[in-house]
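Trainee: Following this message is one structure expressed as structure tokens.
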Amino acid sequence: MLNQLRGRNLTHIGCTFGLIIGMTVGMFAAIAIFNLVQSTSASMLAFFALIGITVVLGGLGFYFGARLSRPS
């Protein structure tokens, strides 16, 4: 399995920024959902908002970071 990952570099700065921004925005969204939704499903909605925003922004950061950091 490690042989399949050789040569792949996931440490470019876009992925790191995407995950940091995703966790921050996702946390604020989860807090807002807790405050706005007054039902038993608020914790589940907040969890999915946090995970969804983090994954989407991390993926976008990875994609754009890989595009910008390719050698010409």
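In the structure tokens, the first chain shown is A, the next is B, and so on; residue numbers restart at 1 for each chain, and ligands run from 1 in the order shown.
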Find the residues around Gly59 (chain A) up to 8 Å (only C-alpha atoms counted), leave out those fewer than 3 positions away in its own chain, and share them as JSON, numbers by chain.
Mentor: {"A": [15, 18, 55, 56, 62, 63]}
Trainee: Produce a file of the selected residues containing all heavy atoms, as a CSV table (one decimal), in the first residue's frame.
Mentor:
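And here's result.csv as it stands now:
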chain,number,residue,atom,x,y,z
A,15,CYS,N,-3.7,22.7,0.5
A,15,CYS,CA,-4.4,21.8,1.3
A,15,CYS,C,-4.4,22.2,2.8
A,15,CYS,O,-5.5,22.1,3.4
A,15,CYS,CB,-3.8,20.4,1.2
A,15,CYS,SG,-4.7,19.1,1.9
A,18,GLY,N,-6.8,25.2,3.0
A,18,GLY,CA,-8.2,24.8,2.8
A,18,GLY,C,-8.7,24.1,4.1
A,18,GLY,O,-9.9,24.3,4.5
A,55,VAL,N,-14.5,19.2,4.5
A,55,VAL,CA,-14.1,18.4,3.3
A,55,VAL,C,-14.1,19.1,2.0
A,55,VAL,O,-13.2,19.0,1.2
A,55,VAL,CB,-15.0,17.1,3.3
A,55,VAL,CG1,-14.8,16.4,2.0
A,55,VAL,CG2,-14.8,16.2,4.4
A,56,VAL,N,-15.1,19.9,1.8
A,56,VAL,CA,-15.2,20.7,0.6
A,56,VAL,C,-14.1,21.7,0.4
A,56,VAL,O,-13.4,21.8,-0.6
A,56,VAL,CB,-16.6,21.4,0.4
A,56,VAL,CG1,-16.6,22.4,-0.7
A,56,VAL,CG2,-17.7,20.3,0.2
A,62,PHE,N,-6.8,21.6,-1.8
A,62,PHE,CA,-5.9,20.6,-2.4
A,62,PHE,C,-5.8,20.8,-3.9
A,62,PHE,O,-4.8,20.8,-4.5
A,62,PHE,CB,-6.3,19.2,-2.0
A,62,PHE,CG,-5.6,18.2,-2.7
A,62,PHE,CD1,-4.3,17.8,-2.3
A,62,PHE,CD2,-6.1,17.5,-3.8
A,62,PHE,CE1,-3.5,16.8,-2.9
A,62,PHE,CE2,-5.3,16.5,-4.4
A,62,PHE,CZ,-4.1,16.2,-3.9
A,63,TYR,N,-7.0,20.9,-4.6
A,63,TYR,CA,-7.0,21.0,-6.0
A,63,TYR,C,-6.3,22.3,-6.5
A,63,TYR,O,-5.5,22.2,-7.4
A,63,TYR,CB,-8.5,21.0,-6.5
A,63,TYR,CG,-8.7,21.2,-8.0
A,63,TYR,CD1,-8.4,20.2,-8.8
A,63,TYR,CD2,-9.1,22.4,-8.5
A,63,TYR,CE1,-8.5,20.3,-10.2
A,63,TYR,CE2,-9.2,22.6,-9.8
A,63,TYR,CZ,-8.9,21.6,-10.7
A,63,TYR,OH,-9.0,21.7,-12.0
Trainee: Quick one: residues within 7 Å of region 25-34 of chain A, only C-alpha atoms, excluding same-chain residues fewer than 3 positions away - as a ChimeraX atom specification?
Mentor: /A:21-22,37,42-43,46-47,49-50,53-54
Trainee: Taking only C-alpha atoms into account, name the residue in A:Met44, A:Leu36, A:Gly61, A:Ala66 that is nearest to Leu19 (chain A).
Mentor: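 Nearest to Leu19 (chain A): A:Gly61.
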Trainee: Can you work out the spacing between CA of Leu45 (chain A) and CA of Thr16 (chain A) in Å, to one decimal?
Mentor: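 CA of Thr16 (chain A) lies at a distance of 25.1 Å from CA of Leu45 (chain A).
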Trainee: As an exercise, work out the distance from CA of Leu68 (chain A) to CA of Gly52 (chain A) in Å and give it to one decimal place.
Mentor: 24.0 Å
